[in-house]
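Shown next: coords-v8.tsv, given as TSV, C-alpha atoms.
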```tsv
chain	number	residue	atom	x	y	z
O	1	MET	CA	35.71	-6.11	-18.57
O	2	SER	CA	35.95	-2.84	-20.52
O	3	ILE	CA	33.38	-0.10	-20.25
O	4	GLU	CA	33.38	0.01	-24.05
O	5	ARG	CA	32.33	-3.66	-24.06
O	6	LYS	CA	29.69	-4.50	-26.68
O	7	PHE	CA	26.88	-6.50	-25.13
O	8	ASN	CA	25.71	-9.44	-27.21
O	9	MET	CA	22.16	-9.93	-28.36
O	10	HIS	CA	21.69	-12.74	-25.84
O	11	LYS	CA	19.59	-12.13	-22.78
O	12	LYS	CA	21.43	-10.04	-20.24
O	13	ARG	CA	22.27	-12.22	-17.25
O	14	ILE	CA	21.62	-10.19	-14.10
O	15	LEU	CA	22.28	-10.77	-10.41
O	16	VAL	CA	20.11	-9.22	-7.72
O	17	CYS	CA	21.25	-8.52	-4.17
O	18	GLY	CA	18.34	-7.84	-1.83
O	19	THR	CA	14.91	-9.44	-1.68
O	20	GLY	CA	12.97	-6.63	0.03
O	21	PHE	CA	12.56	-3.75	-2.44
O	22	GLY	CA	14.68	-6.03	-4.62
O	23	LYS	CA	11.47	-7.93	-5.39
O	24	ILE	CA	10.64	-5.16	-7.87
O	25	TYR	CA	13.91	-5.90	-9.65
O	26	LEU	CA	13.32	-9.64	-9.54
O	27	LYS	CA	9.84	-9.23	-11.03
O	28	THR	CA	11.16	-6.94	-13.76
O	29	ILE	CA	14.01	-9.25	-14.75
O	30	VAL	CA	12.05	-12.52	-14.88
O	31	GLU	CA	9.18	-10.91	-16.85
O	32	ASN	CA	11.32	-9.07	-19.41
O	33	GLU	CA	12.38	-10.99	-22.50
O	34	LYS	CA	15.68	-9.09	-22.70
O	35	TYR	CA	16.89	-10.24	-19.27
O	36	GLU	CA	17.64	-13.46	-17.42
O	37	LEU	CA	17.91	-13.77	-13.66
O	38	ALA	CA	21.35	-15.32	-13.06
O	39	GLY	CA	21.14	-15.60	-9.28
O	40	ILE	CA	20.55	-13.88	-5.97
O	41	ILE	CA	23.23	-12.52	-3.66
O	42	GLY	CA	22.32	-12.86	0.00
O	43	LYS	CA	23.18	-14.19	3.42
O	44	GLY	CA	21.45	-17.49	2.77
O	45	SER	CA	18.34	-16.82	4.85
O	46	ASP	CA	15.32	-19.08	4.49
O	47	ARG	CA	13.45	-16.29	2.69
O	48	THR	CA	16.27	-15.80	0.17
O	49	LYS	CA	16.56	-19.56	-0.40
O	50	LYS	CA	12.82	-19.83	-0.98
O	51	ILE	CA	12.79	-16.97	-3.50
O	52	ALA	CA	15.83	-18.43	-5.30
O	53	ASN	CA	14.15	-21.82	-5.37
O	54	ASP	CA	10.96	-20.29	-6.80
O	55	PHE	CA	12.99	-18.75	-9.63
O	56	ASN	CA	15.27	-21.79	-9.97
O	57	VAL	CA	18.48	-19.76	-9.57
O	58	PRO	CA	21.48	-20.12	-7.25
O	59	VAL	CA	22.08	-18.12	-4.08
O	60	TYR	CA	25.56	-16.61	-3.74
O	61	THR	CA	26.66	-15.94	-0.18
O	62	ASN	CA	30.23	-15.24	-1.31
O	63	ILE	CA	30.83	-12.88	-4.22
O	64	GLU	CA	34.07	-14.72	-5.03
O	65	ASN	CA	31.98	-17.75	-6.05
O	66	ILE	CA	29.95	-15.89	-8.68
O	67	GLU	CA	30.30	-17.39	-12.16
O	68	ALA	CA	31.97	-15.35	-14.86
O	69	ASN	CA	29.21	-14.86	-17.45
O	70	ILE	CA	27.30	-12.08	-15.65
O	71	ASP	CA	26.23	-8.94	-17.52
O	72	ALA	CA	25.19	-6.83	-14.52
O	73	ALA	CA	24.32	-6.79	-10.83
O	74	CYS	CA	21.64	-4.80	-9.01
O	75	VAL	CA	22.44	-4.05	-5.38
O	76	VAL	CA	19.13	-3.26	-3.71
O	77	VAL	CA	20.06	-3.20	-0.03
O	78	PRO	CA	20.55	-0.14	2.19
O	79	ASN	CA	23.80	1.79	2.14
O	80	ALA	CA	25.40	3.23	5.28
O	81	ALA	CA	22.62	5.79	5.90
O	82	GLY	CA	20.15	2.93	6.14
O	83	GLY	CA	22.41	0.79	8.28
O	84	GLY	CA	23.31	-1.57	5.44
O	85	GLN	CA	26.33	-2.68	3.46
O	86	GLY	CA	25.14	-1.99	-0.07
O	87	THR	CA	28.22	0.03	-0.99
O	88	ASP	CA	30.62	-2.68	0.23
O	89	ILE	CA	28.78	-5.29	-1.84
O	90	ALA	CA	28.79	-3.03	-4.92
O	91	GLU	CA	32.52	-2.38	-4.50
O	92	LYS	CA	33.29	-6.12	-4.45
O	93	LEU	CA	31.21	-6.70	-7.56
O	94	LEU	CA	32.90	-3.81	-9.39
O	95	LEU	CA	36.37	-5.10	-8.45
O	96	ARG	CA	35.36	-8.33	-10.20
O	97	GLY	CA	34.48	-6.33	-13.33
O	98	ILE	CA	30.70	-6.75	-13.03
O	99	PRO	CA	28.66	-3.70	-14.15
O	100	THR	CA	26.69	-2.62	-11.08
O	101	LEU	CA	23.57	-0.63	-10.36
O	102	LEU	CA	23.46	0.57	-6.73
O	103	GLU	CA	20.21	1.79	-5.20
O	104	HIS	CA	20.12	5.22	-3.58
O	105	PRO	CA	20.59	7.01	-1.25
O	106	ALA	CA	24.36	7.08	-0.98
O	107	HIS	CA	26.85	9.36	0.75
O	108	GLU	CA	29.31	11.08	-1.57
O	109	LYS	CA	32.16	9.04	-0.04
O	110	GLU	CA	30.30	5.85	-0.97
O	111	ILE	CA	29.83	7.06	-4.54
O	112	ILE	CA	33.53	7.91	-4.85
O	113	LYS	CA	34.49	4.54	-3.32
O	114	CYS	CA	32.49	2.65	-5.93
O	115	LEU	CA	33.66	4.92	-8.72
O	116	LYS	CA	37.30	4.15	-7.89
O	117	ALA	CA	36.60	0.41	-7.72
O	118	SER	CA	34.80	0.47	-11.09
O	119	LYS	CA	37.82	1.54	-13.17
O	120	ASN	CA	36.56	0.81	-16.72
O	121	THR	CA	33.42	-1.04	-15.61
O	122	PRO	CA	29.95	0.56	-15.83
O	123	PHE	CA	28.66	1.79	-12.45
O	124	MET	CA	25.61	3.86	-11.59
O	125	ILE	CA	23.70	5.04	-8.55
O	126	ASN	CA	20.04	4.42	-9.29
O	127	PRO	CA	17.85	7.32	-8.04
O	128	PHE	CA	14.91	5.18	-9.25
O	129	TYR	CA	12.04	7.68	-9.20
O	130	ARG	CA	13.46	9.84	-11.99
O	131	TYR	CA	12.86	6.85	-14.29
O	132	ILE	CA	9.14	6.32	-13.58
O	133	SER	CA	6.85	7.49	-16.38
O	134	PRO	CA	4.99	10.34	-14.56
O	135	VAL	CA	8.31	11.90	-13.49
O	136	GLN	CA	9.66	11.44	-17.03
O	137	ASP	CA	6.58	13.33	-18.31
O	138	PHE	CA	7.20	16.08	-15.75
O	139	LEU	CA	10.88	16.43	-16.71
O	140	GLU	CA	10.06	16.46	-20.43
O	141	ALA	CA	7.47	19.21	-19.87
O	142	ALA	CA	9.96	21.17	-17.72
O	143	LYS	CA	12.45	21.02	-20.58
O	144	VAL	CA	9.87	22.54	-22.94
O	145	MET	CA	8.99	25.28	-20.44
O	146	ASN	CA	12.66	26.07	-19.78
O	147	HIS	CA	13.13	26.53	-23.53
O	148	HIS	CA	10.17	28.88	-24.00
O	149	SER	CA	10.08	30.85	-20.74
O	150	VAL	CA	11.99	31.90	-17.63
O	151	LEU	CA	11.99	29.79	-14.45
O	152	LEU	CA	11.19	32.08	-11.51
O	153	SER	CA	10.98	29.75	-8.49
O	154	ALA	CA	10.40	26.17	-7.41
O	155	SER	CA	9.18	24.13	-4.47
O	156	LEU	CA	9.56	20.56	-3.24
O	157	ASP	CA	7.34	18.91	-0.62
O	158	CYS	CA	8.25	15.37	0.41
O	159	ALA	CA	8.78	12.91	3.23
O	160	ILE	CA	12.28	12.71	4.70
O	161	HIS	CA	12.83	9.15	3.47
O	162	VAL	CA	12.38	10.19	-0.18
O	163	LEU	CA	14.29	13.48	0.09
O	164	TYR	CA	17.31	12.16	-1.84
O	165	ASP	CA	15.26	11.23	-4.89
O	166	GLY	CA	13.24	14.45	-4.57
O	167	ILE	CA	16.47	16.45	-4.85
O	168	ASP	CA	17.48	14.31	-7.82
O	169	ILE	CA	14.22	15.00	-9.68
O	170	LEU	CA	14.32	18.70	-8.83
O	171	GLY	CA	17.91	18.99	-10.05
O	172	CYS	CA	16.98	17.37	-13.36
O	173	ALA	CA	14.11	19.85	-13.76
O	174	LEU	CA	16.21	22.92	-12.88
O	175	GLU	CA	18.98	21.95	-15.33
O	176	ASN	CA	21.48	23.71	-13.06
O	177	PHE	CA	22.74	22.05	-9.93
O	178	SER	CA	26.33	23.02	-9.29
O	179	GLY	CA	25.84	25.40	-6.36
O	180	TRP	CA	23.39	26.25	-3.59
O	181	LYS	CA	22.95	28.27	-0.43
O	182	LEU	CA	20.81	27.04	2.47
O	183	GLY	CA	18.67	29.28	4.64
O	184	THR	CA	17.55	28.49	8.17
O	185	VAL	CA	15.08	25.75	8.99
O	186	ALA	CA	11.66	26.77	10.26
O	187	GLU	CA	9.57	24.22	12.10
O	188	ILE	CA	5.89	24.36	11.20
O	189	VAL	CA	4.22	24.25	14.58
O	190	GLY	CA	1.47	21.71	15.10
O	191	SER	CA	0.48	18.65	17.08
O	192	THR	CA	1.33	15.09	16.00
O	193	LEU	CA	-0.14	14.35	12.55
O	194	LYS	CA	-0.98	18.05	12.16
O	195	SER	CA	2.23	19.38	10.59
O	196	GLY	CA	4.13	18.30	13.69
O	197	GLY	CA	6.93	16.81	11.61
O	198	ASN	CA	7.10	19.44	8.88
O	199	LYS	CA	10.29	21.49	8.45
O	200	SER	CA	10.63	24.25	5.85
O	201	ILE	CA	13.85	25.60	4.44
O	202	LYS	CA	14.50	28.10	1.65
O	203	ILE	CA	17.42	27.28	-0.63
O	204	MET	CA	18.98	29.20	-3.51
O	205	ILE	CA	20.00	26.73	-6.20
O	206	GLY	CA	21.98	28.79	-8.66
O	207	ASP	CA	19.82	31.91	-8.99
O	208	ILE	CA	16.52	30.07	-8.40
O	209	PRO	CA	14.78	30.33	-4.99
O	210	VAL	CA	13.47	26.92	-3.95
O	211	MET	CA	11.21	26.24	-0.95
O	212	PHE	CA	11.57	22.80	0.62
O	213	VAL	CA	8.91	21.45	2.99
O	214	ILE	CA	10.14	18.17	4.44
O	215	ASN	CA	7.97	15.95	6.58
O	216	THR	CA	10.06	14.09	9.15
O	217	ASP	CA	7.17	11.95	10.40
O	218	VAL	CA	7.93	8.23	10.15
O	219	ASP	CA	5.32	5.63	11.05
O	220	LYS	CA	6.90	3.49	13.74
O	221	ASP	CA	5.00	0.43	12.47
O	222	ASP	CA	5.52	1.04	8.74
O	223	PRO	CA	8.54	3.17	7.76
O	224	ASP	CA	7.51	3.21	4.07
O	225	HIS	CA	4.21	4.91	4.93
O	226	PRO	CA	2.82	7.36	3.89
O	227	LEU	CA	2.90	7.37	0.09
O	228	HIS	CA	0.85	10.57	0.04
O	229	LEU	CA	3.93	12.40	1.35
O	230	TYR	CA	6.07	11.38	-1.59
O	231	HIS	CA	7.20	14.10	-3.99
O	232	ARG	CA	5.18	17.17	-4.87
O	233	ILE	CA	7.22	19.51	-7.07
O	234	GLU	CA	6.07	22.80	-8.53
O	235	LEU	CA	7.96	25.02	-10.97
O	236	THR	CA	6.78	28.59	-11.52
O	237	PHE	CA	7.72	29.99	-14.93
O	238	SER	CA	7.06	33.37	-16.50
O	239	THR	CA	4.40	31.59	-18.57
O	240	GLY	CA	2.68	29.51	-15.88
O	241	ARG	CA	3.14	26.73	-13.35
O	242	LEU	CA	4.07	23.09	-13.82
O	243	CYS	CA	3.18	20.75	-10.99
O	244	LEU	CA	4.01	17.13	-10.28
O	245	VAL	CA	1.13	16.56	-7.87
O	246	ASN	CA	2.64	13.36	-6.51
O	247	THR	CA	5.46	11.03	-7.50
O	248	HIS	CA	3.10	8.88	-9.53
O	249	GLY	CA	1.24	11.80	-11.10
O	250	PRO	CA	-0.69	13.49	-12.32
O	251	VAL	CA	1.39	16.22	-13.97
O	252	ILE	CA	-0.54	19.46	-14.38
O	253	TRP	CA	0.33	22.53	-16.46
O	254	MET	CA	-1.41	25.73	-15.39
O	255	PRO	CA	-0.61	28.34	-18.05
O	256	PHE	CA	-0.76	32.04	-17.19
O	257	GLN	CA	-3.31	33.63	-19.49
O	258	HIS	CA	-4.33	37.20	-20.21
O	259	MET	CA	-8.01	38.01	-20.04
O	260	PRO	CA	-9.30	38.58	-23.60
O	261	ARG	CA	-10.03	42.26	-24.24
O	262	ASP	CA	-11.58	44.21	-27.07
O	263	GLU	CA	-10.22	47.38	-28.71
O	264	TYR	CA	-11.53	49.42	-25.76
O	265	GLY	CA	-9.57	47.38	-23.22
O	266	THR	CA	-12.75	45.79	-21.89
O	267	ILE	CA	-12.95	42.08	-21.06
O	268	SER	CA	-14.49	40.31	-24.03
O	269	ILE	CA	-15.24	36.60	-24.11
O	270	ASP	CA	-16.14	36.97	-27.79
O	271	LYS	CA	-12.60	37.84	-28.81
O	272	ASP	CA	-11.11	35.18	-31.09
O	273	ASN	CA	-8.25	33.66	-29.08
O	274	LYS	CA	-6.77	30.21	-29.09
O	275	GLU	CA	-8.63	28.36	-26.35
O	276	ILE	CA	-6.03	26.92	-23.99
O	277	PRO	CA	-7.53	25.29	-20.87
O	278	THR	CA	-6.70	26.89	-17.52
O	279	ALA	CA	-5.18	23.60	-16.37
O	280	ILE	CA	-4.04	20.63	-18.46
O	281	MET	CA	-3.07	17.15	-17.31
O	282	LEU	CA	0.01	15.98	-19.18
O	283	GLY	CA	1.08	12.44	-20.02
O	284	ASN	CA	-0.98	9.70	-18.42
O	285	SER	CA	-3.74	11.85	-16.96
O	286	LYS	CA	-5.25	9.07	-14.87
O	287	PRO	CA	-3.02	7.86	-12.01
O	288	LEU	CA	-3.04	4.11	-11.43
O	289	SER	CA	-3.84	2.12	-8.32
O	290	LEU	CA	-0.95	1.28	-6.03
O	291	LYS	CA	-0.96	-2.32	-7.26
O	292	LYS	CA	-0.73	-1.29	-10.92
O	293	THR	CA	1.81	1.40	-10.07
O	294	VAL	CA	4.13	-1.24	-8.62
O	295	GLU	CA	3.43	-3.74	-11.41
O	296	TYR	CA	3.84	-1.39	-14.36
O	297	ILE	CA	5.37	1.97	-13.43
O	298	TRP	CA	7.99	0.73	-10.97
O	299	THR	CA	9.05	-2.20	-13.14
O	300	GLY	CA	9.31	0.21	-16.08
O	301	ALA	CA	11.65	2.36	-14.00
O	302	VAL	CA	13.93	-0.64	-13.37
O	303	VAL	CA	14.11	-1.29	-17.12
O	304	GLN	CA	15.02	2.37	-17.75
O	305	ALA	CA	17.77	2.27	-15.13
O	306	LEU	CA	19.22	-1.00	-16.46
O	307	GLU	CA	19.23	0.26	-20.03
O	308	CYS	CA	21.03	3.39	-18.83
O	309	LEU	CA	23.67	1.18	-17.19
O	310	PHE	CA	24.06	-0.99	-20.30
O	311	SER	CA	24.50	2.05	-22.57
O	312	MET	CA	27.00	3.75	-20.26
O	313	ASP	CA	30.39	4.88	-21.51
O	314	LYS	CA	33.18	6.41	-19.45
O	315	THR	CA	32.04	10.02	-19.97
O	316	LYS	CA	28.44	9.27	-19.08
O	317	LYS	CA	29.54	7.35	-15.98
O	318	MET	CA	31.60	10.28	-14.70
O	319	GLN	CA	28.85	12.82	-15.43
O	320	MET	CA	26.24	10.71	-13.63
O	321	ALA	CA	28.54	10.13	-10.65
O	322	GLN	CA	29.38	13.84	-10.36
O	323	TYR	CA	25.70	14.75	-10.47
O	324	GLN	CA	24.86	12.18	-7.77
O	325	ILE	CA	27.67	13.59	-5.61
O	326	PHE	CA	25.96	17.00	-5.81
O	327	VAL	CA	22.63	15.39	-4.91
O	328	SER	CA	24.22	13.53	-2.01
O	329	ARG	CA	25.91	16.65	-0.62
O	330	LEU	CA	22.70	18.68	-0.64
O	331	TRP	CA	20.76	15.73	0.83
O	332	SER	CA	23.32	15.46	3.65
O	333	GLU	CA	23.24	19.19	4.38
O	334	ILE	CA	19.45	19.38	4.47
O	335	SER	CA	19.17	16.22	6.58
O	336	ARG	CA	21.58	17.67	9.15
O	337	LYS	CA	19.52	20.85	9.33
O	338	THR	CA	16.13	19.16	9.63
O	339	GLY	CA	17.32	16.99	12.52
O	340	TYR	CA	15.75	13.91	14.04
O	341	LEU	CA	12.86	11.84	12.75
O	342	ASN	CA	9.46	12.25	14.36
O	343	LEU	CA	7.94	8.84	15.12
O	344	VAL	CA	4.15	8.72	14.69
O	345	ASN	CA	1.38	6.16	14.32
O	346	TYR	CA	-0.97	6.53	11.35
O	347	ASN	CA	-3.26	3.70	12.46
O	348	ASN	CA	-6.92	4.66	12.95
O	349	SER	CA	-6.40	8.09	11.36
O	350	GLY	CA	-8.87	7.53	8.51
O	351	ASN	CA	-10.12	5.03	5.96
O	352	ASN	CA	-9.45	5.72	2.27
O	353	GLU	CA	-11.81	3.03	1.02
O	354	GLU	CA	-14.70	4.71	2.83
O	355	ILE	CA	-13.64	8.11	1.44
O	356	PHE	CA	-13.41	6.69	-2.10
O	357	ASP	CA	-16.89	5.12	-1.84
O	358	GLU	CA	-18.47	8.32	-0.55
O	359	LEU	CA	-16.83	10.51	-3.20
O	360	GLN	CA	-18.11	8.08	-5.81
O	361	LYS	CA	-21.65	8.26	-4.43
O	362	LYS	CA	-21.55	12.06	-4.58
O	363	GLY	CA	-20.48	11.93	-8.24
O	364	LEU	CA	-17.19	13.69	-7.55
O	365	LEU	CA	-15.17	11.01	-9.33
O	366	GLU	CA	-17.08	11.45	-12.59
O	367	GLU	CA	-15.62	13.57	-15.37
O	368	LYS	CA	-17.85	16.58	-16.04
O	369	ILE	CA	-17.97	17.77	-19.64
O	370	PHE	CA	-18.95	21.35	-20.47
O	371	VAL	CA	-20.35	21.78	-23.99
```
Encoding of this model in structure tokens:
Amino acid sequence: MSIERKFNMHKKRILVCGTGFGKIYLKTIVENEKYELAGIIGKGSDRTKKIANDFNVPVYTNIENIEANIDAACVVVPNAAGGGQGTDIAEKLLLRGIPTLLEHPAHEKEIIKCLKASKNTPFMINPFYRYISPVQDFLEAAKVMNHHSVLLSASLDCAIHVLYDGIDILGCALENFSGWKLGTVAEIVGSTLKSGGNKSIKIMIGDIPVMFVINTDVDKDDPDHPLHLYHRIELTFSTGRLCLVNTHGPVIWMPFQHMPRDEYGTISIDKDNKEIPTAIMLGNSKPLSLKKTVEYIWTGAVVQALECLFSMDKTKKMQMAQYQIFVSRLWSEISRKTGYLNLVNYNNSGNNEEIFDELQKKGLLEEKIFV
């Protein structure tokens, strides 16, 4: 199967390997009119059989038995860093000439392994979060700011388990990611749940100083918690600051503004200047609930990643792979420096529904309009 292959107008027949986070892929594929779920790759567990039965598709426990008319495969199981065999599965699919999307994170050796197996077949590591709409808004705004001003510094705060994708997003925003120099790691002293798992490290990426604050706390009962420690990225330009408050938004632009002055140099609010707000929410200014985030924003990201795979030529494949190798190298270096995970328990540490109700009662969730 050539990488220059022209895909027909028929529905793209897609395989999915993994039924954990892979459920997002399954939902996207079965609900999108451009795709057709062709089957599930798995070990044949009862859960996998049930899901396959619900979607009326076959389960493949042996990749050699996969039928020929497959347009792509999504491998959504952990790679070596997560104790899984995602890379090995992707390699086998690529050797059969099946275009393959492999979920992150991946070690650079795993990326190279799949790249070699792909030959002329499309292959892509999916960093996922760069394709969600709030991050797309942030990156588009960063491109505008980079064009009109000078980037002075940057910062990334995130949980250790989303560090890889945080680096990916940051690299896209910086537009320069070929070299870096790591400083020493400082541990932010505090008791458990009070910055106990935070590690800070200053990194020069090109000529831009970047401060990383990485939280190594992992809930022993729920490793995907907490979402509030997903990505917060701030870029400081000569013209103001651009902040991705959290992975799922909002995106806020805080322009630097000169105080209006009259001909005597005195502050004058009467001076006729263009009124630019001191802070502006960009893109979708109202973040969604977690349920709607998963249903709409995450599924949209899967579509974006798949379309990127389907439009991939040889040059684009090599550029994407080289970039992900840079991401993987920096991720590995930082992870080695930050050290072990800090197991915690977030149970009984607060109730967000009660907080939401009280904020609502106090009127703090209402938009205030100044005339």
Mind dumping a table of every segment 236-327 of chain O residue within 12 Å of segment 201-225 of chain O, with the nearest atom pair and its distance in Å to one decimal, using only C-alpha atoms, sorted by chain and rising number, as CSV?
```
residue,atom,partner,partner_atom,distance
O:Thr236,CA,O:Val210,CA,10.2
O:Phe237,CA,O:Ile208,CA,11.0
O:Phe326,CA,O:Ile205,CA,11.4
O:Val327,CA,O:Ile205,CA,11.7
```
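Using all atoms listed in the file, the contacts of Cys172 of chain O at a cut-off of 12 Å, with sequence neighbours closer than 6 positions omitted, comprise Pro127, Tyr129, Arg130, Tyr131, Val135, Gln136, Phe138, Leu139, Glu140, Ala141, Ala142, Lys143, Asn146, Asp165, Gly166, Ser178, Ile233, Met320, Tyr323, Gln324, Phe326 and Val327 of chain O.
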Just to be explicit: take each residue in the selection above, keep C-alpha atoms, and write the result as a PDB file, in the coordinates of the input.
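The result, written out as out_14.pdb:
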```
ATOM      1  CA  PRO O 127      17.850   7.320  -8.040  1.00  0.00           C
ATOM      2  CA  TYR O 129      12.040   7.680  -9.200  1.00  0.00           C
ATOM      3  CA  ARG O 130      13.460   9.840 -11.990  1.00  0.00           C
ATOM      4  CA  TYR O 131      12.860   6.850 -14.290  1.00  0.00           C
ATOM      5  CA  VAL O 135       8.310  11.900 -13.490  1.00  0.00           C
ATOM      6  CA  GLN O 136       9.660  11.440 -17.030  1.00  0.00           C
ATOM      7  CA  PHE O 138       7.200  16.080 -15.750  1.00  0.00           C
ATOM      8  CA  LEU O 139      10.880  16.430 -16.710  1.00  0.00           C
ATOM      9  CA  GLU O 140      10.060  16.460 -20.430  1.00  0.00           C
ATOM     10  CA  ALA O 141       7.470  19.210 -19.870  1.00  0.00           C
ATOM     11  CA  ALA O 142       9.960  21.170 -17.720  1.00  0.00           C
ATOM     12  CA  LYS O 143      12.450  21.020 -20.580  1.00  0.00           C
ATOM     13  CA  ASN O 146      12.660  26.070 -19.780  1.00  0.00           C
ATOM     14  CA  ASP O 165      15.260  11.230  -4.890  1.00  0.00           C
ATOM     15  CA  GLY O 166      13.240  14.450  -4.570  1.00  0.00           C
ATOM     16  CA  SER O 178      26.330  23.020  -9.290  1.00  0.00           C
ATOM     17  CA  ILE O 233       7.220  19.510  -7.070  1.00  0.00           C
ATOM     18  CA  MET O 320      26.240  10.710 -13.630  1.00  0.00           C
ATOM     19  CA  TYR O 323      25.700  14.750 -10.470  1.00  0.00           C
ATOM     20  CA  GLN O 324      24.860  12.180  -7.770  1.00  0.00           C
ATOM     21  CA  PHE O 326      25.960  17.000  -5.810  1.00  0.00           C
ATOM     22  CA  VAL O 327      22.630  15.390  -4.910  1.00  0.00           C
TER      23      VAL O 327
END
```
What is the distance, in Å and to one decimal place, between atom CA of Gly42 of chain O and atom CA of Lys11 of chain O? 23.0 Å
Neighbour list for Arg232 of chain O as a ChimeraX atom specification, cut-off 12 Å, only C-alpha atoms, skip fewer than 3 positions in-chain: /O:134-135,138,154-159,162-163,165-167,169-170,211-215,227-229,235,242-252
Can you spit out the residues from that selection as an mmCIF file, keeping the file's coordinate frame, using C-alpha atoms?
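part-v4.cif, freshly written:
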```cif
data_model
loop_
_atom_site.group_PDB
_atom_site.id
_atom_site.type_symbol
_atom_site.label_atom_id
_atom_site.label_comp_id
_atom_site.auth_asym_id
_atom_site.auth_seq_id
_atom_site.Cartn_x
_atom_site.Cartn_y
_atom_site.Cartn_z
ATOM 1 C CA PRO O 134 4.990 10.340 -14.560
ATOM 2 C CA VAL O 135 8.310 11.900 -13.490
ATOM 3 C CA PHE O 138 7.200 16.080 -15.750
ATOM 4 C CA ALA O 154 10.400 26.170 -7.410
ATOM 5 C CA SER O 155 9.180 24.130 -4.470
ATOM 6 C CA LEU O 156 9.560 20.560 -3.240
ATOM 7 C CA ASP O 157 7.340 18.910 -0.620
ATOM 8 C CA CYS O 158 8.250 15.370 0.410
ATOM 9 C CA ALA O 159 8.780 12.910 3.230
ATOM 10 C CA VAL O 162 12.380 10.190 -0.180
ATOM 11 C CA LEU O 163 14.290 13.480 0.090
ATOM 12 C CA ASP O 165 15.260 11.230 -4.890
ATOM 13 C CA GLY O 166 13.240 14.450 -4.570
ATOM 14 C CA ILE O 167 16.470 16.450 -4.850
ATOM 15 C CA ILE O 169 14.220 15.000 -9.680
ATOM 16 C CA LEU O 170 14.320 18.700 -8.830
ATOM 17 C CA MET O 211 11.210 26.240 -0.950
ATOM 18 C CA PHE O 212 11.570 22.800 0.620
ATOM 19 C CA VAL O 213 8.910 21.450 2.990
ATOM 20 C CA ILE O 214 10.140 18.170 4.440
ATOM 21 C CA ASN O 215 7.970 15.950 6.580
ATOM 22 C CA LEU O 227 2.900 7.370 0.090
ATOM 23 C CA HIS O 228 0.850 10.570 0.040
ATOM 24 C CA LEU O 229 3.930 12.400 1.350
ATOM 25 C CA LEU O 235 7.960 25.020 -10.970
ATOM 26 C CA LEU O 242 4.070 23.090 -13.820
ATOM 27 C CA CYS O 243 3.180 20.750 -10.990
ATOM 28 C CA LEU O 244 4.010 17.130 -10.280
ATOM 29 C CA VAL O 245 1.130 16.560 -7.870
ATOM 30 C CA ASN O 246 2.640 13.360 -6.510
ATOM 31 C CA THR O 247 5.460 11.030 -7.500
ATOM 32 C CA HIS O 248 3.100 8.880 -9.530
ATOM 33 C CA GLY O 249 1.240 11.800 -11.100
ATOM 34 C CA PRO O 250 -0.690 13.490 -12.320
ATOM 35 C CA VAL O 251 1.390 16.220 -13.970
ATOM 36 C CA ILE O 252 -0.540 19.460 -14.380
#
```
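Closest approach to Thr121 of chain O among O:Asn62, O:Asn351, O:Ser332, O:Ser311: O:Ser311, based on all atoms listed in the file.
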One decimal place gives the atom CA of Ser268 of chain O-atom CA of Arg241 of chain O separation as 24.7 Å
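Take atom CA of Ser149 of chain O and atom CA of Pro277 of chain O: the distance between them is 18.5 Å.
Considering only C-alpha atoms, the residue among O:Ile325, O:Leu102, O:Ile267, O:Val294 positioned nearest to Leu306 of chain O is O:Leu102.
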Quick one: residues within 9 Å of Thr87 of chain O, all atoms listed in the file counted, chain neighbours fewer than 5 positions away excluded, as a list of chain:residue names? O:Val75, O:Val77, O:Pro78, O:Asn79, O:Ala80, O:Lys92, O:Leu102, O:Ala106, O:Glu110, O:Ile111, O:Lys113, O:Cys114
If I only want segment 18-23 of chain O, can you write it with N, CA, C and O atoms, as a PDB file, in the first residue's frame?
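So out-v3.pdb came out as:
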```pdb
ATOM      1  N   GLY O  18      -7.670  -1.544  21.574  1.00  0.00           N
ATOM      2  CA  GLY O  18      -7.768  -0.928  22.888  1.00  0.00           C
ATOM      3  C   GLY O  18      -9.178  -0.456  23.158  1.00  0.00           C
ATOM      4  O   GLY O  18      -9.750   0.297  22.364  1.00  0.00           O
ATOM      5  N   THR O  19      -9.734  -0.894  24.269  1.00  0.00           N
ATOM      6  CA  THR O  19     -11.124  -0.534  24.594  1.00  0.00           C
ATOM      7  C   THR O  19     -11.219   0.216  25.918  1.00  0.00           C
ATOM      8  O   THR O  19     -12.277   0.278  26.534  1.00  0.00           O
ATOM      9  N   GLY O  20     -10.084   0.784  26.371  1.00  0.00           N
ATOM     10  CA  GLY O  20     -10.087   1.658  27.546  1.00  0.00           C
ATOM     11  C   GLY O  20     -10.294   3.078  27.050  1.00  0.00           C
ATOM     12  O   GLY O  20     -11.418   3.517  26.785  1.00  0.00           O
ATOM     13  N   PHE O  21      -9.197   3.835  26.891  1.00  0.00           N
ATOM     14  CA  PHE O  21      -9.286   5.153  26.253  1.00  0.00           C
ATOM     15  C   PHE O  21      -9.740   4.995  24.804  1.00  0.00           C
ATOM     16  O   PHE O  21     -10.275   5.921  24.196  1.00  0.00           O
ATOM     17  N   GLY O  22      -9.553   3.780  24.268  1.00  0.00           N
ATOM     18  CA  GLY O  22     -10.001   3.489  22.912  1.00  0.00           C
ATOM     19  C   GLY O  22     -11.491   3.680  22.714  1.00  0.00           C
ATOM     20  O   GLY O  22     -11.970   3.802  21.578  1.00  0.00           O
ATOM     21  N   LYS O  23     -12.262   3.741  23.811  1.00  0.00           N
ATOM     22  CA  LYS O  23     -13.698   3.983  23.696  1.00  0.00           C
ATOM     23  C   LYS O  23     -13.987   5.330  23.033  1.00  0.00           C
ATOM     24  O   LYS O  23     -15.012   5.489  22.368  1.00  0.00           O
TER      25      LYS O  23
END
```
